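**Q** One structure, as structure tokens, below. Some questions next.
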Amino acid sequence: MEKGTNCFPTCHVVFLAWTWLLLLSWCCTGAEITCRSCSSPSPSWPSSSSRLRQEQRQPPPPPPPPRGLRSWPGGRARGSAGAAAAAAEPLPGGEPGGRAGPRGAALRSAGAGGGAPGGRGPAAPPPPPRTRRSSEGRRALPAGGSRGVPAAEGQRGARAQPRGPAEEGRAARLRGAEELRLGSTTFALTGDAAHNQAMVHWSGHNSSVILILTKLYDFNLGSVTESSLWRSTDYGTTYEKLNDKVGLKTVLSYLYVSPTNKRKIMLLSDPEIESSILISSDEGATYQKYRLNFYIQSLLFHPKQEEWILAYSLDQKLYSSMDFGRKWQLMHERVTPNRFYWSVTGLDKEPDLVHMEARTADGHTHYLTCRIQECSETKRSGPFSRSIDVSSLVVQDEYIFIQVTAGGRANYYVSYRREPFAQIKLPKYSLPKDMHIISTDENQVFAAVQEWNQNDTYNLYISDTRGVYFTLALENVKSSRGLEGNIIIDLYEVAGIKGIFLANRKIDDQIKTFITYNKGRDWRLLQAPDTDVRGDPVVCQLPFCSLHLHLQLSENPYTSGSISSKETAPGLLVATGNIGSELSYTDVGVFISADGGNSWRQIFEEEYNVWFLDWGGALVAMKHTSVPVRHMWVSFDEGRSWSRYSFTSTPLFVDGSLVDPGIETQIMTVFGHFSLRSEWQLVKVDYKSVFSRRCNKDDYQTWHLHNQGEPCVMGERKIYKKRKPGAQCSLGRDYSKTVVSEPCVCGQGDFECDYGYERHSNNQCVPAFWFSPSSLSKDCSIGQSYLNSTGYRRIVSNNCTDGLREKYMAKMEKCPGKAPRGLHILTTDGKLVTEQGHNATFIILMEEGDLQRTNIQLDFGDGLAVSYANFSPVEDGIRHVYKSAGIFQVTAYAENSLGSDTAVLFLHVVCPVEHVHLSVPFVAIRNKDVNITAVVWPSQAGTLTYFWWFGNSTKPLITLESSISYIFAVEGMNTVTVQVAAGNTLIQDTKEIAVHEYFQSQLLSFSPNLDYHNPDIPEWRQDIGKVIKRALAQVTGIPDEQILVAVFPGLPTSAELFILPHKNTTERRKSSEADLEQVVEILFNALNQNLVQFELKPGVEVIVYVTQLTLAPLVDSSTGHSSSAMLMLLSVVFVGLAVFLVYKFKRKIPWINIYAQVQHDKEQEMIGSVSQSENAPKITLSEFTDPEELMDKELDTRMMGERQPSAGAFFTVWVRMLVTGVLGKAATVTPGTGRASGTEIRS
């Protein structure tokens, strides 16, 4: 990615209070400035600045990050990894290619790690407004972030308790006691006192134009209700109000600036009123208005072409414009928020190429590229063939990163200079659960990895040039949560000098600050100053005591951060910290180093904002306090002495300050209020008067970079030119930090351990226990050569020569011949299940062997196999489609002239299941086996897993069979649930079974008019059963709990009546049986007298009958009967009568069935499987053949498991067969007139 192309994250933002000022600096980032003099809209909303102070003093332990998929920070990073810019609004313009909107990298995950989606107003402390402008996370580690705040070019010490006379005591030490005054002018934004937001654009670079957009944001409505646009053409001395030029009724919400042409301005109206943009090509003097048919959430400007813009809408669509927003064209839908990038010059062939992460029609997320005018489905390409994790695409400098989770583990891939993707190699057992790309500077990747055993710390890893092989740089680096929940890594890269980093490391529950001068190879503690700010000696002995620094960057470019440095002032660092055994959030001061961190001096005991002026030749400090101030301090000798200047006659509640972006005119703008309800005051401070003259050659001196006296840093001796301390002269725009550099002889400190090697106590790099050095030669064929590592590699960007270079360089060797070893076969998604008819992609890996001379054969297990002469064709995977379901043994076989190896994978191919119907008896006998069956559709679904839950059990029974036998030990209603798993599909059905010691049942039939209204669906049968139950209870007075009615599927409509014993009658078995007989007598009398009937609908009365066995009349519409049919009919009738007579003679009880467990030789009768609770998806009768076959299956199910069925059971079966039409076409049954017990059958 081009340097400076990321517009939004180049400055960080912090939420401070309910009224603020959003400013745009030269980096085109908006930010918030607190109106400290203003009251909060609600007393219950604490000031965020006070909250920040409390966090610095008593930091709460950061919450554990989400354990899922983590998105990666994009953008150019130089410091705190994941330090997301917390701006509540998409911020405008920026350096070339700047993203004028929130760009997030951490999820979510989700989340993801980013804060709650904010609105167009502030996210905290006030309630967040509507999400119309929200960003879903923000890019961590902005471009140039850790090199100081670009706009303010300064730092702010952590808040400490004011020490009363400290400021006056320092003033007494200043040069003279006279009142020095800076040239300044003050301008009030008249009429905007109620406005609580503002965005400022100061293009700088010799431009005198400043634009300010002020807004009244209504927190209750969640929208902007008023706005004013101001313009200055004299560096902020005076301003003109431009509301009449943009439209008096137009309410503006955002201001954007072209990063490549500061004269081009874009204003966005509030979408609650209208969706439109206003465009200016003359630095905001005049505007043209254009309507939009979508809502812009963020903008991304092209790094070279000033007219080209990408716009991301609220409905996840990506639009492009080639005329600075006058016309827009839809590029793609379902684009992941903040995952789209312009092409990188010199790497991508087309300048209008766009990299994006989007969800395609198959529902998966893919990495796609296309040109802005040719982005149809046929024109898009996928540089990575497989799907990727959501919010994982990062295009940064020469590198492209993606993440793919397989088998529960995250795998990271990188493309260097648009080469094919390669899997990132971390130490084998690092097992990362979170990863952030911190920096991609100087052809190397710096990454922070949270490993499996870490919670609040990260390990730092550094890569080779291609970004593939990573080695450990530092363990247990402190991490924390930002204001939006984003992860912040305590790592800071010093600007202006390559290879110098500062990091806060956790050791034995103490946080200590370390510094490295060779990109992480060696780290050491910081030496504390010899004296404090008062000149008193400091007793601090390493390693027990040292200097510790806060390394967080400012999230607001208008108040300096806790640490800063500047490329134009190499070696100069200003930071907040403390002296002691560990990092402290109390009793902090401000420290400065003028020699690249070798030595430090304390310059303030309290909190101050410090800015760099005149290319870093001068420092400006302002006390950070809640009371009004009117003084600044200026130092020309790197903070050794300070002169106090007044910049306003009336004390000002300072809300923020902005240094001229060009750093050439020595102008600073201070924003604030004179009183609680005053207008916004813009104070322009001109520092020209403090510079007596332009610098000449006598005002400069040389400075030699060193590391504790060692002159060679990163393989070079460097000499810098800097202004002599105390020289009160101006450097000017033609200043050059001329550097004299010469290479050093390579020493041991110029080499780090190569991948797979670890540094031991003797300073030697030896292979790790899990690493085999010979494995790196597997890409090498016999007859070729490869570079065999010595265990060392020169640090990237190290410029040393000769010396140990030859000894530690990788040696060119002939490729050894090796037999295949460590052959593995896996699927691309890491799953061992696939769907029938879908592509299954297999990946073959080999740990050792000659990839180019090894034959590969893959047997899919379904009778098909493929063979390849080498590994080249199988690098992207081998696809295969299975046409049938089942379990297939997939075998990979690798062979060359030296040996062979085999790998096996068992793949489950399934057909997605759609329905499951649980077939259970309606009533069962306690302590007797009950056969339960799950009927799945479609039936050819492959291998299924069944999970059975009975009653209140919390652990299921798991089977591979669709039937199970179970014994119910508890009387009453028992619940049975079955879940069927097929691949990723899981469906279930639940039924209830009434369990009793004994019961009676009787088949019921209905008047024929019911059949006409029978849709034959489960819900209808349930409702009719309830209606019949109520009718029986109403006519007979029998309690509901003693009656159950189950309506059977099919026509003619029939049902089964179950008469249950009364509750709690187990102890009175004999008397209860007698009571049950009385209930049966009452029910049959009512049924035989046609007293049980119900109204199905107005005019439709349905009568309920007792189904009786009858011989006549049989109605047949055919003209004749075959003799065989008549014989069969008579045979069935006589067999049924014979069974009945045998049963009656043997049992001497009424013909109605009595089910009881009296003796061990009496077995259970399975009653028809009718459900009271049909939770399964609807299954129509067409899915089951026909009613006769369905009944046959049901009867088979009922009879399963019965060892010795009773005669009564056979009788029930035959009667039901007669009733449901087994005997012929349709049987007309005449109700009998016998006793209710059914001892007689009358025609």
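Residues are referred to by chain and number: the chain letter is A, B, ... according to the order shown in the structure tokens, the number counts from 1 in that chain, and ligands are numbered separately from 1 in the order shown.
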Identify, on the basis of only C-alpha atoms, every residue whose closest approach to Gly747 in chain A does not exceed 8 Å; exclude the query and any residue fewer than 4 positions from it along the same chain; express the result as a list in words.
**A**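 Within the cut-off, the hits are Phe751, Gly803, Leu804 and Arg805 of chain A.
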**Q** List every residue of range 718-820 of chain A that DSSP, applied to the backbone of this structure, assigns to helix (DSSP H, G or I), and report them as a PyMOL selection string.
**A** chain A and resi 748-750+773-777+805-808
**Q** Residues as selected, N, CA and C atoms, written as an mmCIF file, in the first residue's frame, can you do that?
**A**
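The result, written out as again27.cif:
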data_model
loop_
_atom_site.group_PDB
_atom_site.id
_atom_site.type_symbol
_atom_site.label_atom_id
_atom_site.label_comp_id
_atom_site.auth_asym_id
_atom_site.auth_seq_id
_atom_site.Cartn_x
_atom_site.Cartn_y
_atom_site.Cartn_z
ATOM 1 N N GLN A 748 27.667 -10.769 15.174
ATOM 2 C CA GLN A 748 26.616 -11.697 15.590
ATOM 3 C C GLN A 748 25.285 -10.985 15.808
ATOM 4 N N GLY A 749 25.320 -9.743 16.258
ATOM 5 C CA GLY A 749 24.098 -8.998 16.502
ATOM 6 C C GLY A 749 23.337 -8.608 15.263
ATOM 7 N N ASP A 750 23.938 -8.832 14.085
ATOM 8 C CA ASP A 750 23.252 -8.511 12.833
ATOM 9 C C ASP A 750 22.461 -9.691 12.287
ATOM 10 N N PRO A 773 15.400 -29.686 9.997
ATOM 11 C CA PRO A 773 15.998 -28.807 8.976
ATOM 12 C C PRO A 773 15.914 -29.369 7.567
ATOM 13 N N SER A 774 15.916 -30.672 7.439
ATOM 14 C CA SER A 774 15.887 -31.255 6.094
ATOM 15 C C SER A 774 14.529 -31.102 5.428
ATOM 16 N N SER A 775 13.490 -30.762 6.190
ATOM 17 C CA SER A 775 12.155 -30.668 5.601
ATOM 18 C C SER A 775 12.046 -29.515 4.614
ATOM 19 N N LEU A 776 12.909 -28.529 4.694
ATOM 20 C CA LEU A 776 12.830 -27.386 3.791
ATOM 21 C C LEU A 776 13.266 -27.727 2.379
ATOM 22 N N SER A 777 13.842 -28.903 2.186
ATOM 23 C CA SER A 777 14.314 -29.266 0.851
ATOM 24 C C SER A 777 13.293 -30.053 0.045
ATOM 25 N N ARG A 805 29.122 -12.566 7.748
ATOM 26 C CA ARG A 805 28.073 -12.751 6.748
ATOM 27 C C ARG A 805 28.238 -14.069 6.005
ATOM 28 N N GLU A 806 29.453 -14.369 5.599
ATOM 29 C CA GLU A 806 29.694 -15.601 4.858
ATOM 30 C C GLU A 806 29.423 -16.824 5.722
ATOM 31 N N LYS A 807 29.773 -16.736 6.987
ATOM 32 C CA LYS A 807 29.599 -17.880 7.882
ATOM 33 C C LYS A 807 28.128 -18.195 8.122
ATOM 34 N N TYR A 808 27.311 -17.166 8.283
ATOM 35 C CA TYR A 808 25.915 -17.372 8.648
ATOM 36 C C TYR A 808 24.975 -17.417 7.454
#
**Q** Might you pull out every residue within 12 Å of Leu180 in chain A, with only C-alpha atoms counted and same-chain residues fewer than 5 positions away left off, and present them as a list in words?
**A**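 In the requested form, the answer reads Ala171, Leu174, Arg175, Arg630, His631, Met632, Trp633, Val634, Trp642, Ser643, Arg644, Tyr645, Ser646, Phe647, Thr648, Ser649, Tyr687, Ser689 and Val690 of chain A.
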**Q** So that I have them on file, write out the residues from the current selection with N, CA and C atoms, as a compact mmCIF listing (two decimals), in the first residue's frame.
**A**
# COMPACT_ATOMS: atom_id res chain seq x y z
N ALA A 171 8.09 28.58 36.29
CA ALA A 171 8.17 29.91 35.68
C ALA A 171 9.31 30.72 36.29
N LEU A 174 12.52 30.26 34.49
CA LEU A 174 12.58 30.64 33.09
C LEU A 174 13.53 31.80 32.90
N ARG A 175 13.87 32.02 31.64
CA ARG A 175 14.77 33.13 31.33
C ARG A 175 14.03 34.45 31.54
N ARG A 630 -3.65 30.64 29.66
CA ARG A 630 -3.31 31.67 28.68
C ARG A 630 -1.83 31.66 28.32
N HIS A 631 -1.10 30.61 28.78
CA HIS A 631 0.33 30.56 28.53
C HIS A 631 0.74 29.28 27.83
N MET A 632 1.82 29.37 27.07
CA MET A 632 2.52 28.23 26.48
C MET A 632 3.99 28.35 26.82
N TRP A 633 4.69 27.20 26.68
CA TRP A 633 6.13 27.18 26.91
C TRP A 633 6.83 26.73 25.62
N VAL A 634 7.93 27.38 25.32
CA VAL A 634 8.69 27.07 24.12
C VAL A 634 10.13 26.76 24.51
N TRP A 642 12.91 26.35 29.22
CA TRP A 642 11.64 26.72 28.61
C TRP A 642 11.36 28.20 28.83
N SER A 643 10.79 28.84 27.84
CA SER A 643 10.35 30.24 27.94
C SER A 643 8.83 30.28 27.90
N ARG A 644 8.24 31.08 28.81
CA ARG A 644 6.79 31.15 28.89
C ARG A 644 6.28 32.30 28.04
N TYR A 645 5.24 32.01 27.23
CA TYR A 645 4.63 33.02 26.38
C TYR A 645 3.13 33.01 26.63
N SER A 646 2.53 34.16 26.57
CA SER A 646 1.07 34.23 26.61
C SER A 646 0.55 34.26 25.18
N PHE A 647 -0.52 33.56 24.92
CA PHE A 647 -1.08 33.51 23.57
C PHE A 647 -2.47 34.13 23.49
N THR A 648 -3.05 34.50 24.65
CA THR A 648 -4.34 35.17 24.67
C THR A 648 -4.42 36.03 25.91
N SER A 649 -5.11 37.14 25.82
CA SER A 649 -5.22 38.03 26.97
C SER A 649 -6.21 37.52 27.99
N TYR A 687 4.15 31.80 15.51
CA TYR A 687 5.42 31.68 16.21
C TYR A 687 6.58 32.36 15.47
N SER A 689 7.55 35.25 15.49
CA SER A 689 8.26 36.23 16.30
C SER A 689 9.29 35.62 17.23
N VAL A 690 9.15 34.32 17.55
CA VAL A 690 10.10 33.72 18.49
C VAL A 690 11.36 33.24 17.77
**Q** What is the distance between CA of Val1106 in chain A and CA of Ile1028 in chain A, in Å to one decimal?
**A**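 CA of Ile1028 in chain A lies at a distance of 12.7 Å from CA of Val1106 in chain A.
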**Q** From the list A:Thr531, A:Asn504, A:Ser385, A:Ser298, which residue is nearest Glu875 in chain A when using only C-alpha atoms?
**A**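 Counting only C-alpha atoms, the residue closest to Glu875 in chain A is A:Ser385.
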**Q** Within 12 Å of range 537-555 of chain A, which residues of range 429-481 of chain A show up? Give each one with its shortest atom-to-atom distance in Å (one decimal) and the two atoms involved, counting only C-alpha atoms, rows by chain then rising residue number, as CSV.
**A**
residue,atom,partner,partner_atom,distance
A:Val477,CA,A:Leu551,CA,11.7
A:Lys478,CA,A:Leu551,CA,10.3
A:Ser479,CA,A:Gln552,CA,10.4
A:Ser480,CA,A:Gln552,CA,9.8
A:Arg481,CA,A:Gln552,CA,11.0
**Q** Can I get the selected residues back with N, CA, C and O atoms, as a PDB file, in the first residue's frame?
**A**
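Here's the written file selection27.pdb:
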ATOM      1  N   VAL A 477       4.092  -9.446  25.424  1.00  0.00           N
ATOM      2  CA  VAL A 477       3.948  -8.001  25.314  1.00  0.00           C
ATOM      3  C   VAL A 477       2.560  -7.609  25.807  1.00  0.00           C
ATOM      4  O   VAL A 477       1.562  -8.260  25.483  1.00  0.00           O
ATOM      5  N   LYS A 478       2.505  -6.552  26.585  1.00  0.00           N
ATOM      6  CA  LYS A 478       1.251  -6.113  27.193  1.00  0.00           C
ATOM      7  C   LYS A 478       0.242  -5.716  26.132  1.00  0.00           C
ATOM      8  O   LYS A 478       0.578  -5.093  25.131  1.00  0.00           O
ATOM      9  N   SER A 479      -1.001  -6.053  26.374  1.00  0.00           N
ATOM     10  CA  SER A 479      -2.103  -5.610  25.518  1.00  0.00           C
ATOM     11  C   SER A 479      -3.196  -5.024  26.391  1.00  0.00           C
ATOM     12  O   SER A 479      -3.270  -5.299  27.593  1.00  0.00           O
ATOM     13  N   SER A 480      -4.024  -4.208  25.793  1.00  0.00           N
ATOM     14  CA  SER A 480      -5.134  -3.600  26.520  1.00  0.00           C
ATOM     15  C   SER A 480      -6.265  -3.355  25.541  1.00  0.00           C
ATOM     16  O   SER A 480      -6.131  -3.581  24.337  1.00  0.00           O
ATOM     17  N   ARG A 481      -7.382  -2.885  26.088  1.00  0.00           N
ATOM     18  CA  ARG A 481      -8.555  -2.600  25.278  1.00  0.00           C
ATOM     19  C   ARG A 481      -8.688  -1.096  25.080  1.00  0.00           C
ATOM     20  O   ARG A 481      -8.547  -0.320  26.014  1.00  0.00           O
TER      21      ARG A 481
END
**Q** Give me the residues within 10 Å of range 959-968 of chain A as a ChimeraX atom specification, counting only C-alpha atoms and dropping any in the same chain fewer than 6 places off.
**A** /A:918-919,924-936,943-948,950-951,974,978,980,993-996,1197,1200-1201
**Q** Determine, counting only C-alpha atoms, which protein, DNA and RNA residues have an atom within 6 Å of an atom of Ile843 in chain A; residues of the same chain fewer than 2 positions away are not included. Present the result as a PyMOL selection string.
**A** chain A and resi 825-827+877
**Q** Would you list the contacts of Leu252 in chain A as a PyMOL selection string, taking every protein, DNA or RNA residue within 10 Å and counting only C-alpha atoms, but skipping same-chain residues closer than 5 positions in sequence?
**A** chain A and resi 213-215+224-229+243+246-247+267-271+273-274+276-278
